[in-house]
Every structure is written in C-alpha cells, then in structure tokens.
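The file input.pdb contains PDB, C-alpha atoms and all ligand atoms:
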```pdb
ATOM      1  CA  MET A   1      58.927  16.127 -63.771  1.00  0.00           C
ATOM      2  CA  ALA A   2      58.187  19.244 -61.765  1.00  0.00           C
ATOM      3  CA  ASP A   3      59.016  19.211 -58.121  1.00  0.00           C
ATOM      4  CA  ASP A   4      55.386  19.461 -57.044  1.00  0.00           C
ATOM      5  CA  GLU A   5      54.609  16.281 -58.945  1.00  0.00           C
ATOM      6  CA  ILE A   6      56.954  14.321 -56.806  1.00  0.00           C
ATOM      7  CA  GLN A   7      55.090  12.539 -54.075  1.00  0.00           C
ATOM      8  CA  PRO A   8      56.430  13.495 -50.672  1.00  0.00           C
ATOM      9  CA  GLN A   9      58.220  10.518 -49.243  1.00  0.00           C
ATOM     10  CA  ILE A  10      56.495   9.354 -46.129  1.00  0.00           C
ATOM     11  CA  VAL A  11      59.065   7.954 -43.809  1.00  0.00           C
ATOM     12  CA  THR A  12      57.372   5.798 -41.251  1.00  0.00           C
ATOM     13  CA  GLU A  13      60.002   5.814 -38.562  1.00  0.00           C
ATOM     14  CA  ALA A  14      59.550   3.167 -35.916  1.00  0.00           C
ATOM     15  CA  THR A  15      58.715   4.995 -32.732  1.00  0.00           C
ATOM     16  CA  GLY A  16      58.475   3.939 -29.122  1.00  0.00           C
ATOM     17  CA  SER A  17      60.674   1.712 -27.004  1.00  0.00           C
ATOM     18  CA  LYS A  18      61.237  -1.914 -27.893  1.00  0.00           C
ATOM     19  CA  THR A  19      58.887  -2.857 -25.064  1.00  0.00           C
ATOM     20  CA  GLU A  20      56.123  -0.651 -26.440  1.00  0.00           C
ATOM     21  CA  ARG A  21      56.643  -1.922 -29.966  1.00  0.00           C
ATOM     22  CA  ILE A  22      56.588  -5.566 -28.844  1.00  0.00           C
ATOM     23  CA  GLU A  23      53.377  -4.941 -26.905  1.00  0.00           C
ATOM     24  CA  GLU A  24      51.820  -3.372 -29.983  1.00  0.00           C
ATOM     25  CA  VAL A  25      52.725  -6.340 -32.201  1.00  0.00           C
ATOM     26  CA  ALA A  26      51.652  -8.845 -29.513  1.00  0.00           C
ATOM     27  CA  LYS A  27      48.268  -7.173 -29.362  1.00  0.00           C
ATOM     28  CA  ILE A  28      47.784  -7.554 -33.109  1.00  0.00           C
ATOM     29  CA  ALA A  29      49.018 -11.172 -32.994  1.00  0.00           C
ATOM     30  CA  SER A  30      46.621 -12.028 -30.157  1.00  0.00           C
ATOM     31  CA  VAL A  31      43.794 -12.351 -32.681  1.00  0.00           C
ATOM     32  CA  CYS A  32      45.841 -13.899 -35.510  1.00  0.00           C
ATOM     33  CA  THR A  33      44.052 -16.435 -37.713  1.00  0.00           C
ATOM     34  CA  ALA A  34      46.807 -16.936 -40.279  1.00  0.00           C
ATOM     35  CA  CYS A  35      46.912 -20.701 -39.759  1.00  0.00           C
ATOM     36  CA  ASP A  36      44.631 -23.477 -38.496  1.00  0.00           C
ATOM     37  CA  LEU A  37      46.226 -23.524 -35.048  1.00  0.00           C
ATOM     38  CA  SER A  38      44.039 -20.501 -34.346  1.00  0.00           C
ATOM     39  CA  LYS A  39      41.019 -22.843 -34.340  1.00  0.00           C
ATOM     40  CA  THR A  40      42.212 -24.947 -31.414  1.00  0.00           C
ATOM     41  CA  ARG A  41      44.272 -22.548 -29.324  1.00  0.00           C
ATOM     42  CA  THR A  42      43.099 -20.994 -26.085  1.00  0.00           C
ATOM     43  CA  ARG A  43      45.562 -18.100 -26.258  1.00  0.00           C
ATOM     44  CA  VAL A  44      48.310 -16.834 -28.511  1.00  0.00           C
ATOM     45  CA  VAL A  45      51.585 -17.108 -26.583  1.00  0.00           C
ATOM     46  CA  PHE A  46      53.565 -14.228 -27.994  1.00  0.00           C
ATOM     47  CA  GLY A  47      56.638 -14.210 -25.749  1.00  0.00           C
ATOM     48  CA  GLU A  48      57.994 -12.655 -22.589  1.00  0.00           C
ATOM     49  CA  GLY A  49      61.093 -11.332 -20.913  1.00  0.00           C
ATOM     50  CA  ASN A  50      63.056  -8.213 -21.717  1.00  0.00           C
ATOM     51  CA  PRO A  51      62.685  -6.919 -25.294  1.00  0.00           C
ATOM     52  CA  GLU A  52      65.848  -4.846 -24.703  1.00  0.00           C
ATOM     53  CA  ALA A  53      67.856  -8.008 -23.974  1.00  0.00           C
ATOM     54  CA  PRO A  54      70.817  -8.934 -26.198  1.00  0.00           C
ATOM     55  CA  LEU A  55      69.971 -12.643 -25.911  1.00  0.00           C
ATOM     56  CA  MET A  56      66.871 -14.239 -27.412  1.00  0.00           C
ATOM     57  CA  LEU A  57      65.810 -17.829 -26.740  1.00  0.00           C
ATOM     58  CA  ILE A  58      63.484 -19.397 -29.288  1.00  0.00           C
ATOM     59  CA  GLY A  59      61.581 -22.595 -28.558  1.00  0.00           C
ATOM     60  CA  GLU A  60      59.253 -24.665 -30.703  1.00  0.00           C
ATOM     61  CA  GLY A  61      55.745 -23.732 -29.650  1.00  0.00           C
ATOM     62  CA  PRO A  62      53.413 -23.514 -26.680  1.00  0.00           C
ATOM     63  CA  GLY A  63      52.261 -26.654 -24.891  1.00  0.00           C
ATOM     64  CA  GLN A  64      49.199 -27.199 -22.724  1.00  0.00           C
ATOM     65  CA  ASN A  65      50.292 -24.980 -19.806  1.00  0.00           C
ATOM     66  CA  GLU A  66      51.459 -22.211 -22.110  1.00  0.00           C
ATOM     67  CA  ASP A  67      48.189 -22.368 -24.063  1.00  0.00           C
ATOM     68  CA  ALA A  68      46.254 -22.080 -20.798  1.00  0.00           C
ATOM     69  CA  THR A  69      48.288 -19.205 -19.325  1.00  0.00           C
ATOM     70  CA  GLY A  70      49.426 -17.295 -22.415  1.00  0.00           C
ATOM     71  CA  ARG A  71      53.047 -17.430 -21.182  1.00  0.00           C
ATOM     72  CA  PRO A  72      55.972 -19.290 -22.809  1.00  0.00           C
ATOM     73  CA  PHE A  73      57.795 -22.079 -20.985  1.00  0.00           C
ATOM     74  CA  VAL A  74      55.674 -22.347 -17.858  1.00  0.00           C
ATOM     75  CA  GLY A  75      55.238 -26.150 -17.798  1.00  0.00           C
ATOM     76  CA  ARG A  76      57.874 -28.784 -16.890  1.00  0.00           C
ATOM     77  CA  SER A  77      60.109 -27.667 -19.760  1.00  0.00           C
ATOM     78  CA  GLY A  78      59.970 -24.135 -18.434  1.00  0.00           C
ATOM     79  CA  VAL A  79      60.955 -25.215 -14.933  1.00  0.00           C
ATOM     80  CA  LEU A  80      64.006 -27.011 -16.348  1.00  0.00           C
ATOM     81  CA  LEU A  81      64.863 -24.059 -18.578  1.00  0.00           C
ATOM     82  CA  ASP A  82      64.615 -21.618 -15.661  1.00  0.00           C
ATOM     83  CA  GLU A  83      66.914 -23.866 -13.593  1.00  0.00           C
ATOM     84  CA  CYS A  84      69.518 -24.021 -16.365  1.00  0.00           C
ATOM     85  CA  LEU A  85      69.341 -20.247 -16.833  1.00  0.00           C
ATOM     86  CA  ARG A  86      69.641 -19.662 -13.086  1.00  0.00           C
ATOM     87  CA  GLU A  87      72.770 -21.839 -12.961  1.00  0.00           C
ATOM     88  CA  ASN A  88      74.247 -19.193 -15.238  1.00  0.00           C
ATOM     89  CA  GLY A  89      72.954 -16.285 -13.149  1.00  0.00           C
ATOM     90  CA  ILE A  90      70.292 -15.533 -15.760  1.00  0.00           C
ATOM     91  CA  THR A  91      66.597 -14.850 -15.151  1.00  0.00           C
ATOM     92  CA  ARG A  92      63.770 -14.095 -17.589  1.00  0.00           C
ATOM     93  CA  LYS A  93      64.499 -10.401 -17.110  1.00  0.00           C
ATOM     94  CA  HIS A  94      67.870 -10.903 -18.836  1.00  0.00           C
ATOM     95  CA  VAL A  95      66.509 -12.553 -22.002  1.00  0.00           C
ATOM     96  CA  TYR A  96      63.604 -12.444 -24.433  1.00  0.00           C
ATOM     97  CA  LEU A  97      61.817 -15.760 -24.762  1.00  0.00           C
ATOM     98  CA  CYS A  98      59.512 -16.793 -27.614  1.00  0.00           C
ATOM     99  CA  ASN A  99      58.624 -19.657 -29.969  1.00  0.00           C
ATOM    100  CA  VAL A 100      58.604 -20.496 -33.688  1.00  0.00           C
ATOM    101  CA  VAL A 101      54.817 -20.866 -33.573  1.00  0.00           C
ATOM    102  CA  ARG A 102      52.731 -18.953 -31.084  1.00  0.00           C
ATOM    103  CA  CYS A 103      49.708 -21.212 -30.822  1.00  0.00           C
ATOM    104  CA  ARG A 104      49.689 -24.758 -29.460  1.00  0.00           C
ATOM    105  CA  ALA A 105      50.024 -27.543 -32.037  1.00  0.00           C
ATOM    106  CA  CYS A 106      48.407 -30.753 -30.849  1.00  0.00           C
ATOM    107  CA  VAL A 107      46.691 -33.960 -31.969  1.00  0.00           C
ATOM    108  CA  PHE A 108      43.870 -35.896 -30.355  1.00  0.00           C
ATOM    109  CA  GLU A 109      45.397 -39.275 -29.523  1.00  0.00           C
ATOM    110  CA  GLY A 110      44.390 -41.968 -27.060  1.00  0.00           C
ATOM    111  CA  GLY A 111      41.572 -39.859 -25.697  1.00  0.00           C
ATOM    112  CA  ARG A 112      43.676 -36.766 -24.987  1.00  0.00           C
ATOM    113  CA  LEU A 113      45.376 -33.855 -26.700  1.00  0.00           C
ATOM    114  CA  LYS A 114      49.075 -34.453 -27.300  1.00  0.00           C
ATOM    115  CA  ASN A 115      51.573 -31.799 -28.338  1.00  0.00           C
ATOM    116  CA  ARG A 116      53.083 -32.259 -31.791  1.00  0.00           C
ATOM    117  CA  PRO A 117      55.744 -30.334 -33.720  1.00  0.00           C
ATOM    118  CA  PRO A 118      54.389 -27.539 -35.921  1.00  0.00           C
ATOM    119  CA  THR A 119      54.091 -28.321 -39.641  1.00  0.00           C
ATOM    120  CA  PRO A 120      56.204 -26.329 -42.142  1.00  0.00           C
ATOM    121  CA  THR A 121      52.992 -24.536 -43.234  1.00  0.00           C
ATOM    122  CA  GLU A 122      52.239 -23.465 -39.660  1.00  0.00           C
ATOM    123  CA  SER A 123      55.833 -22.330 -39.051  1.00  0.00           C
ATOM    124  CA  GLU A 124      55.788 -20.401 -42.322  1.00  0.00           C
ATOM    125  CA  ALA A 125      52.493 -18.698 -41.419  1.00  0.00           C
ATOM    126  CA  CYS A 126      53.853 -17.735 -38.006  1.00  0.00           C
ATOM    127  CA  SER A 127      57.194 -16.477 -39.352  1.00  0.00           C
ATOM    128  CA  GLN A 128      55.598 -13.034 -39.734  1.00  0.00           C
ATOM    129  CA  TRP A 129      55.530 -12.772 -35.919  1.00  0.00           C
ATOM    130  CA  LEU A 130      58.972 -14.283 -35.440  1.00  0.00           C
ATOM    131  CA  ASN A 131      60.415 -11.870 -38.008  1.00  0.00           C
ATOM    132  CA  GLN A 132      58.769  -8.878 -36.370  1.00  0.00           C
ATOM    133  CA  THR A 133      59.887  -9.967 -32.905  1.00  0.00           C
ATOM    134  CA  ILE A 134      63.506 -10.285 -34.025  1.00  0.00           C
ATOM    135  CA  GLU A 135      63.308  -7.034 -35.998  1.00  0.00           C
ATOM    136  CA  ILE A 136      62.245  -5.170 -32.840  1.00  0.00           C
ATOM    137  CA  VAL A 137      64.452  -6.899 -30.257  1.00  0.00           C
ATOM    138  CA  LYS A 138      67.490  -7.113 -32.582  1.00  0.00           C
ATOM    139  CA  PRO A 139      69.242  -9.662 -30.368  1.00  0.00           C
ATOM    140  CA  LYS A 140      73.005  -9.959 -30.667  1.00  0.00           C
ATOM    141  CA  VAL A 141      72.775 -13.658 -29.895  1.00  0.00           C
ATOM    142  CA  ILE A 142      70.008 -16.209 -30.523  1.00  0.00           C
ATOM    143  CA  LEU A 143      69.891 -19.542 -28.735  1.00  0.00           C
ATOM    144  CA  CYS A 144      67.563 -21.930 -30.555  1.00  0.00           C
ATOM    145  CA  LEU A 145      65.970 -24.600 -28.388  1.00  0.00           C
ATOM    146  CA  GLY A 146      65.502 -27.707 -30.513  1.00  0.00           C
ATOM    147  CA  ALA A 147      65.484 -28.540 -34.207  1.00  0.00           C
ATOM    148  CA  PRO A 148      62.402 -26.643 -35.461  1.00  0.00           C
ATOM    149  CA  SER A 149      63.816 -23.417 -34.047  1.00  0.00           C
ATOM    150  CA  ALA A 150      67.305 -24.103 -35.421  1.00  0.00           C
ATOM    151  CA  SER A 151      65.794 -24.941 -38.832  1.00  0.00           C
ATOM    152  CA  ALA A 152      63.945 -21.615 -38.847  1.00  0.00           C
ATOM    153  CA  ILE A 153      66.859 -19.490 -37.637  1.00  0.00           C
ATOM    154  CA  ILE A 154      70.102 -21.210 -38.671  1.00  0.00           C
ATOM    155  CA  HIS A 155      69.422 -23.401 -41.696  1.00  0.00           C
ATOM    156  CA  LYS A 156      66.800 -25.795 -42.993  1.00  0.00           C
ATOM    157  CA  GLY A 157      67.292 -29.446 -42.062  1.00  0.00           C
ATOM    158  CA  PHE A 158      69.432 -28.574 -39.027  1.00  0.00           C
ATOM    159  CA  LYS A 159      70.851 -31.718 -37.393  1.00  0.00           C
ATOM    160  CA  MET A 160      70.870 -31.366 -33.624  1.00  0.00           C
ATOM    161  CA  THR A 161      73.193 -34.325 -32.963  1.00  0.00           C
ATOM    162  CA  LYS A 162      75.828 -32.969 -35.344  1.00  0.00           C
ATOM    163  CA  GLU A 163      75.389 -29.211 -35.152  1.00  0.00           C
ATOM    164  CA  ARG A 164      74.220 -28.291 -31.629  1.00  0.00           C
ATOM    165  CA  GLY A 165      76.641 -26.215 -29.619  1.00  0.00           C
ATOM    166  CA  GLN A 166      78.248 -24.662 -32.722  1.00  0.00           C
ATOM    167  CA  TRP A 167      78.053 -20.985 -33.624  1.00  0.00           C
ATOM    168  CA  PHE A 168      76.503 -19.927 -36.911  1.00  0.00           C
ATOM    169  CA  GLU A 169      75.979 -16.563 -38.527  1.00  0.00           C
ATOM    170  CA  SER A 170      72.324 -16.085 -39.397  1.00  0.00           C
ATOM    171  CA  LYS A 171      70.339 -13.405 -41.154  1.00  0.00           C
ATOM    172  CA  PHE A 172      68.462 -12.982 -37.863  1.00  0.00           C
ATOM    173  CA  ALA A 173      71.439 -12.435 -35.561  1.00  0.00           C
ATOM    174  CA  LYS A 174      75.186 -12.286 -35.911  1.00  0.00           C
ATOM    175  CA  TYR A 175      75.555 -15.248 -33.585  1.00  0.00           C
ATOM    176  CA  ALA A 176      73.137 -18.149 -33.451  1.00  0.00           C
ATOM    177  CA  MET A 177      73.470 -21.533 -31.817  1.00  0.00           C
ATOM    178  CA  ALA A 178      71.180 -24.443 -31.029  1.00  0.00           C
ATOM    179  CA  ALA A 179      70.848 -26.211 -27.680  1.00  0.00           C
ATOM    180  CA  TRP A 180      68.792 -29.237 -26.624  1.00  0.00           C
ATOM    181  CA  HIS A 181      65.137 -28.475 -26.095  1.00  0.00           C
ATOM    182  CA  PRO A 182      64.223 -28.945 -22.401  1.00  0.00           C
ATOM    183  CA  ALA A 183      61.280 -31.207 -23.375  1.00  0.00           C
ATOM    184  CA  TYR A 184      63.746 -33.514 -25.141  1.00  0.00           C
ATOM    185  CA  ILE A 185      65.995 -33.596 -22.064  1.00  0.00           C
ATOM    186  CA  LEU A 186      62.993 -34.478 -19.885  1.00  0.00           C
ATOM    187  CA  ARG A 187      62.346 -37.577 -22.003  1.00  0.00           C
ATOM    188  CA  LEU A 188      65.828 -38.949 -21.222  1.00  0.00           C
ATOM    189  CA  GLU A 189      66.839 -40.878 -18.129  1.00  0.00           C
ATOM    190  CA  GLY A 190      69.904 -41.514 -16.010  1.00  0.00           C
ATOM    191  CA  GLU A 191      73.280 -40.533 -17.428  1.00  0.00           C
ATOM    192  CA  ALA A 192      71.755 -39.482 -20.780  1.00  0.00           C
ATOM    193  CA  TYR A 193      69.507 -37.028 -18.924  1.00  0.00           C
ATOM    194  CA  GLU A 194      72.404 -35.667 -16.855  1.00  0.00           C
ATOM    195  CA  ALA A 195      74.621 -35.242 -19.928  1.00  0.00           C
ATOM    196  CA  ALA A 196      71.960 -33.441 -21.955  1.00  0.00           C
ATOM    197  CA  ARG A 197      71.040 -31.191 -19.023  1.00  0.00           C
ATOM    198  CA  ARG A 198      74.733 -30.352 -18.546  1.00  0.00           C
ATOM    199  CA  ALA A 199      74.994 -29.556 -22.258  1.00  0.00           C
ATOM    200  CA  LEU A 200      72.050 -27.120 -22.015  1.00  0.00           C
ATOM    201  CA  VAL A 201      73.678 -25.356 -19.038  1.00  0.00           C
ATOM    202  CA  GLU A 202      76.958 -25.164 -20.976  1.00  0.00           C
ATOM    203  CA  ASP A 203      75.292 -23.888 -24.162  1.00  0.00           C
ATOM    204  CA  ILE A 204      73.557 -21.152 -22.151  1.00  0.00           C
ATOM    205  CA  ALA A 205      76.954 -20.304 -20.614  1.00  0.00           C
ATOM    206  CA  ALA A 206      78.452 -20.071 -24.114  1.00  0.00           C
ATOM    207  CA  ALA A 207      75.595 -17.796 -25.239  1.00  0.00           C
ATOM    208  CA  ARG A 208      76.130 -15.583 -22.181  1.00  0.00           C
ATOM    209  CA  GLN A 209      79.853 -15.363 -22.976  1.00  0.00           C
ATOM    210  CA  LYS A 210      79.084 -14.570 -26.628  1.00  0.00           C
ATOM    211  CA  VAL A 211      76.848 -11.678 -25.541  1.00  0.00           C
ATOM    212  CA  ILE A 212      79.719 -10.246 -23.468  1.00  0.00           C
ATOM    213  CA  GLU A 213      82.087 -10.520 -26.458  1.00  0.00           C
ATOM    214  CA  ALA A 214      79.535  -9.137 -28.935  1.00  0.00           C
ATOM    215  CA  LYS A 215      78.910  -6.095 -26.744  1.00  0.00           C
ATOM    216  CA  LYS A 216      82.601  -5.173 -27.082  1.00  0.00           C
ATOM    217  CA  GLU A 217      82.423  -5.218 -30.873  1.00  0.00           C
ATOM    218  CA  PRO A 218      81.979  -1.817 -32.540  1.00  0.00           C
ATOM    219  CA  GLU A 219      78.482  -1.344 -33.962  1.00  0.00           C
ATOM    220  CA  MET A 220      78.726  -1.479 -37.761  1.00  0.00           C
ATOM    221  CA  THR A 221      76.247   1.259 -38.479  1.00  0.00           C
ATOM    222  CA  LEU A 222      76.398   4.416 -40.557  1.00  0.00           C
ATOM    223  CA  PHE A 223      74.386   6.507 -38.133  1.00  0.00           C
TER
HETATM  224  N1  LIG B   1      58.053 -25.835 -25.324  1.00  0.00           N
HETATM  225  C1  LIG B   1      58.344 -24.850 -26.197  1.00  0.00           C
HETATM  226  O1  LIG B   1      58.982 -25.054 -27.205  1.00  0.00           O
HETATM  227  N2  LIG B   1      57.895 -23.644 -25.920  1.00  0.00           N
HETATM  228  C2  LIG B   1      57.197 -23.343 -24.831  1.00  0.00           C
HETATM  229  O2  LIG B   1      56.833 -22.193 -24.672  1.00  0.00           O
HETATM  230  C3  LIG B   1      56.920 -24.384 -23.939  1.00  0.00           C
HETATM  231  C4  LIG B   1      57.361 -25.631 -24.199  1.00  0.00           C
HETATM  232 FE1  LIG B   2      48.762 -16.955 -36.197  1.00  0.00          FE
HETATM  233 FE2  LIG B   2      51.041 -18.145 -35.511  1.00  0.00          FE
HETATM  234 FE3  LIG B   2      48.823 -18.714 -34.181  1.00  0.00          FE
HETATM  235 FE4  LIG B   2      49.101 -19.589 -36.680  1.00  0.00          FE
HETATM  236  S1  LIG B   2      50.380 -20.192 -34.916  1.00  0.00           S
HETATM  237  S2  LIG B   2      47.287 -18.587 -35.838  1.00  0.00           S
HETATM  238  S3  LIG B   2      50.257 -17.891 -37.610  1.00  0.00           S
HETATM  239  S4  LIG B   2      49.867 -16.727 -34.245  1.00  0.00           S
END
```

How does this structure look as structure tokens?
Amino acid sequence: MADDEIQPQIVTEATGSKTERIEEVAKIASVCTACDLSKTRTRVVFGEGNPEAPLMLIGEGPGQNEDATGRPFVGRSGVLLDECLRENGITRKHVYLCNVVRCRACVFEGGRLKNRPPTPTESEACSQWLNQTIEIVKPKVILCLGAPSASAIIHKGFKMTKERGQWFESKFAKYAMAAWHPAYILRLEGEAYEAARRALVEDIAAARQKVIEAKKEPEMTLF
C-alpha cells in the first residue's frame, strides 16, 4: 500500500481542563433520554464539586429536592453527608459528588411520589455518564454511598453488611470502598443511628487518609 493511501490518523486528544470537560458532558447529559426516567424527571442531576479532586463520592440517584434543584445531595441526606464530611475537614470543594443514575427514580404510592432504587436497566443506561465522569475526573479514591453504587463500582451483588468499610481495587479507581448511604442512616434510630453515622464519618476519614497515601505513590504512566 502506498503511503498516500494510508488514511491519516486523526488523534482526538481530549482538550480543556477537567472542569471544562465535565461541563461539556453535563450539558449533553442535560437532555438525555436514554431511559424512561427522562419522562418523569424535572432536571438531570449531573454532579457537583471539584472535578480536579482525587476523591469521588457516588450515591444512588437524585431524590425530590435534587430533582427540583438540579444539585446532588441537597435534601436531608445531603445535610447529613455534609456534616460527616465537615467532621473530617472536607467540603464539597474537596470532592466530586455524583450518582449512579442522574434522574430521579420514583413510584406513585399512597397518593404521592416515593423514591425507589434505580432498576438495573436504568443504571445500565446511565452508566455512559458515570463512565465519562470517572474518565474525566480520574479519582484516586472512590467512596460508594450504598449498595447500588458499590454494585456498579466494586462488584455486582455487593453486600453492605459484610463488605462496607473494606478497600477494593476497581477498574474505575485504584481504591474503592463503600460506606452507608446517608438516607439509610436517617431511617435508623437511637444507638443504631449513632453507630451508622459514626461509621460514615470513619469511612470518610479512611478515604481521606487513602487519598494522602495514594498521592505519595509514583504515577505509573509512560508519559
Ligand atoms: N441520595 C442519593 O443517592 N443521591 C442524591 O443526590 C441525593 C440523595
Ligand atoms: Fe439519561 Fe441517566 Fe436520566 Fe436515564 S437516568 S434519562 S440514562 S441521564
């Protein structure tokens, strides 16, 4: 084959900062109709925080307040999460925060809309956005909040009672761990509530420590 027959290779280098790239993807996702949740959502809740952050927190999906505002974790769960982060000296500027699905999943029950976990089909449809988010942010550490997130990031059928608080290597990040979802903690009472809340604070502390350790590791890259 002569040289001029060879198609020039078009290398589409990713350009722009992580923040710019996230904004670009979020804009495309804001009109996504890849699953039926698009029919009932008010807004796509893409994520927020610092796309340059080494720590990513991944929840399950937006609830009513998130759907109304377009921001993740702004309801009661978000208040609890912010408190537990703050007890570790962490604010939303230090992390990137998003969800497995980016539109609210709910059912009409007893005369009102109730949140429900996303179905595997919905999570699968939304994985395109989760994959792109992780690909851009490239977090060193991922903290999964709850089982659907841990099942998507760590391994299918993740068992929170047995496996939370343990480190796993995942294809998405070198270090991944699952912590109790704040909404789960809020359903508990008394000592059970206190213990689960303490565990979330401790798991965030462990993730913070892991980031510090991971930053000291040499980057395994050829360039
Ligand atoms: N619960 C989640 O999993 N994500 C949110 O953004 C809010 C509540
Ligand atoms: Fe698209 Fe995800 Fe919303 Fe489904 S949940 S419509 S895949 S953004």

What residues of the protein or nucleic acid chains come within 9 Å of ligand LIG 2 (chain B) when you use all atoms listed in the file? Reply as a PyMOL selection string. chain A and resi 29-39+41+43-46+61+100-105+118+122-130

Can you list what the PyMOL selection byres (((not hetatm)) within 8 of (chain B and resi 1)) grabs from this structure, as a list in words?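 Taken over the shown coordinates, the PyMOL selection byres (((not hetatm)) within 8 of (chain B and resi 1)) returns Val45, Ile58, Gly59, Glu60, Gly61, Pro62, Gly63, Asn65, Glu66, Arg71, Pro72, Phe73, Val74, Gly75, Arg76, Ser77, Gly78, Cys98, Asn99, Val100, Leu145, Gly146, His181, Pro182 and Ala183 of chain A.
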
What would the file look like if the residues just selected were written as an mmCIF file, keeping the file's coordinate frame with C-alpha atoms?
```
data_model
loop_
_atom_site.group_PDB
_atom_site.id
_atom_site.type_symbol
_atom_site.label_atom_id
_atom_site.label_comp_id
_atom_site.auth_asym_id
_atom_site.auth_seq_id
_atom_site.Cartn_x
_atom_site.Cartn_y
_atom_site.Cartn_z
ATOM 1 C CA VAL A 45 51.585 -17.108 -26.583
ATOM 2 C CA ILE A 58 63.484 -19.397 -29.288
ATOM 3 C CA GLY A 59 61.581 -22.595 -28.558
ATOM 4 C CA GLU A 60 59.253 -24.665 -30.703
ATOM 5 C CA GLY A 61 55.745 -23.732 -29.650
ATOM 6 C CA PRO A 62 53.413 -23.514 -26.680
ATOM 7 C CA GLY A 63 52.261 -26.654 -24.891
ATOM 8 C CA ASN A 65 50.292 -24.980 -19.806
ATOM 9 C CA GLU A 66 51.459 -22.211 -22.110
ATOM 10 C CA ARG A 71 53.047 -17.430 -21.182
ATOM 11 C CA PRO A 72 55.972 -19.290 -22.809
ATOM 12 C CA PHE A 73 57.795 -22.079 -20.985
ATOM 13 C CA VAL A 74 55.674 -22.347 -17.858
ATOM 14 C CA GLY A 75 55.238 -26.150 -17.798
ATOM 15 C CA ARG A 76 57.874 -28.784 -16.890
ATOM 16 C CA SER A 77 60.109 -27.667 -19.760
ATOM 17 C CA GLY A 78 59.970 -24.135 -18.434
ATOM 18 C CA CYS A 98 59.512 -16.793 -27.614
ATOM 19 C CA ASN A 99 58.624 -19.657 -29.969
ATOM 20 C CA VAL A 100 58.604 -20.496 -33.688
ATOM 21 C CA LEU A 145 65.970 -24.600 -28.388
ATOM 22 C CA GLY A 146 65.502 -27.707 -30.513
ATOM 23 C CA HIS A 181 65.137 -28.475 -26.095
ATOM 24 C CA PRO A 182 64.223 -28.945 -22.401
ATOM 25 C CA ALA A 183 61.280 -31.207 -23.375
#
```

Once you count all atoms listed in the file, which residues end up no further than 9 Å from (56.8, -5.7, -28.1) in the file's frame, shown as a ChimeraX atom specification? /A:17-27,47-48,51,133,136-137

Near-Arg92 (chain A) list (10 Å; all atoms listed in the file; drop same-chain fewer than 6 positions) as a list in words: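 Near neighbours after the sequence-gap exclusion: Glu48, Gly49, Asn50, Ala53, Asp82, Leu85 and Arg86 of chain A.
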
Let's have the selection written as a short mmCIF file (atom, residue, chain, number, x, y, z; two decimals), in the frame of the given file, with C-alpha atoms.
```cif
data_model
loop_
_atom_site.label_atom_id
_atom_site.label_comp_id
_atom_site.auth_asym_id
_atom_site.auth_seq_id
_atom_site.Cartn_x
_atom_site.Cartn_y
_atom_site.Cartn_z
CA GLU A 48 57.99 -12.66 -22.59
CA GLY A 49 61.09 -11.33 -20.91
CA ASN A 50 63.06 -8.21 -21.72
CA ALA A 53 67.86 -8.01 -23.97
CA ASP A 82 64.61 -21.62 -15.66
CA LEU A 85 69.34 -20.25 -16.83
CA ARG A 86 69.64 -19.66 -13.09
#
```

Leaving out Cys106 (chain A) and any residue of its chain fewer than 2 positions from it, which residues lie within 8 Å of it when counting only C-alpha atoms, given as a ChimeraX atom specification? /A:104,108,113-117

Taking only residues of region 109-177 of chain A that have an atom at most 10 Å from an atom of region 209-213 of chain A, what is each one's shortest atom pair and its distance in Å to one decimal, using all atoms listed in the file, in chain and number order, as a Markdown table?
```
| residue | atom | partner | partner_atom | distance |
| --- | --- | --- | --- | --- |
| A:Pro139 | CA | A:Val211 | CA | 9.2 |
| A:Lys140 | CA | A:Val211 | CA | 6.6 |
| A:Val141 | CA | A:Val211 | CA | 6.3 |
| A:Ile142 | CA | A:Val211 | CA | 9.6 |
| A:Trp167 | CA | A:Lys210 | CA | 9.5 |
| A:Tyr175 | CA | A:Lys210 | CA | 7.8 |
| A:Ala176 | CA | A:Lys210 | CA | 9.7 |
```

Restricted to C-alpha atoms, what would the selected residues look like written as an mmCIF file, keeping the file's coordinate frame?
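Once written, part25.cif looks like this:
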```
data_model
loop_
_atom_site.group_PDB
_atom_site.id
_atom_site.type_symbol
_atom_site.label_atom_id
_atom_site.label_comp_id
_atom_site.auth_asym_id
_atom_site.auth_seq_id
_atom_site.Cartn_x
_atom_site.Cartn_y
_atom_site.Cartn_z
ATOM 1 C CA PRO A 139 69.242 -9.662 -30.368
ATOM 2 C CA LYS A 140 73.005 -9.959 -30.667
ATOM 3 C CA VAL A 141 72.775 -13.658 -29.895
ATOM 4 C CA ILE A 142 70.008 -16.209 -30.523
ATOM 5 C CA TRP A 167 78.053 -20.985 -33.624
ATOM 6 C CA TYR A 175 75.555 -15.248 -33.585
ATOM 7 C CA ALA A 176 73.137 -18.149 -33.451
#
```

Work out how far CA of Gly70 (chain A) is from CA of Glu202 (chain A), in Å to one decimal.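 These atoms are spaced 28.7 Å apart.
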
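In terms of minimum interatomic distance to Arg112 (chain A), A:Gln64 ranks closest within A:Gln64, A:Ser170, A:Thr161, A:Gln132, counting all atoms listed in the file.
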
So that all listed atoms of region 17-24 of chain A fit with 4 Å spare on each side, what axis-aligned box centre and edge lengths in Å, to one decimal, would you give as AutoDock Vina command-line options?
```
--center_x 56.5 --center_y -1.9 --center_z -27.5 --size_x 17.4 --size_y 15.3 --size_z 12.9
```

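Comparing A:Arg187, A:Thr69, A:Ile153, A:Met56 by their smallest distance to Phe168 (chain A), the closest is A:Ile153 (using all atoms listed in the file).
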
Explicit residues for the PyMOL selection byres (((chain A and resi 88) around 8) and not hetatm) (as an MDAnalysis selection string): chainID A and resid 84:87 89:90 201 204:205

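Here CA of Ala179 (chain A) is placed at a distance of 7.9 Å from CA of Met160 (chain A).
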
So that I can check the surroundings of Lys159 (chain A), please list as a short mmCIF file (atom, residue, chain, number, x, y, z; two decimals) with C-alpha atoms, keeping the file's coordinate frame every protein, DNA and RNA residue that reaches within 10 Å of it, counting all atoms listed in the file and ignoring chain neighbours fewer than 5 positions away.
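The result, stored in part-v2.cif:
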```
data_model
loop_
_atom_site.label_atom_id
_atom_site.label_comp_id
_atom_site.auth_asym_id
_atom_site.auth_seq_id
_atom_site.Cartn_x
_atom_site.Cartn_y
_atom_site.Cartn_z
CA GLY A 146 65.50 -27.71 -30.51
CA ALA A 147 65.48 -28.54 -34.21
CA ALA A 150 67.31 -24.10 -35.42
CA SER A 151 65.79 -24.94 -38.83
CA ARG A 164 74.22 -28.29 -31.63
CA ALA A 178 71.18 -24.44 -31.03
#
```
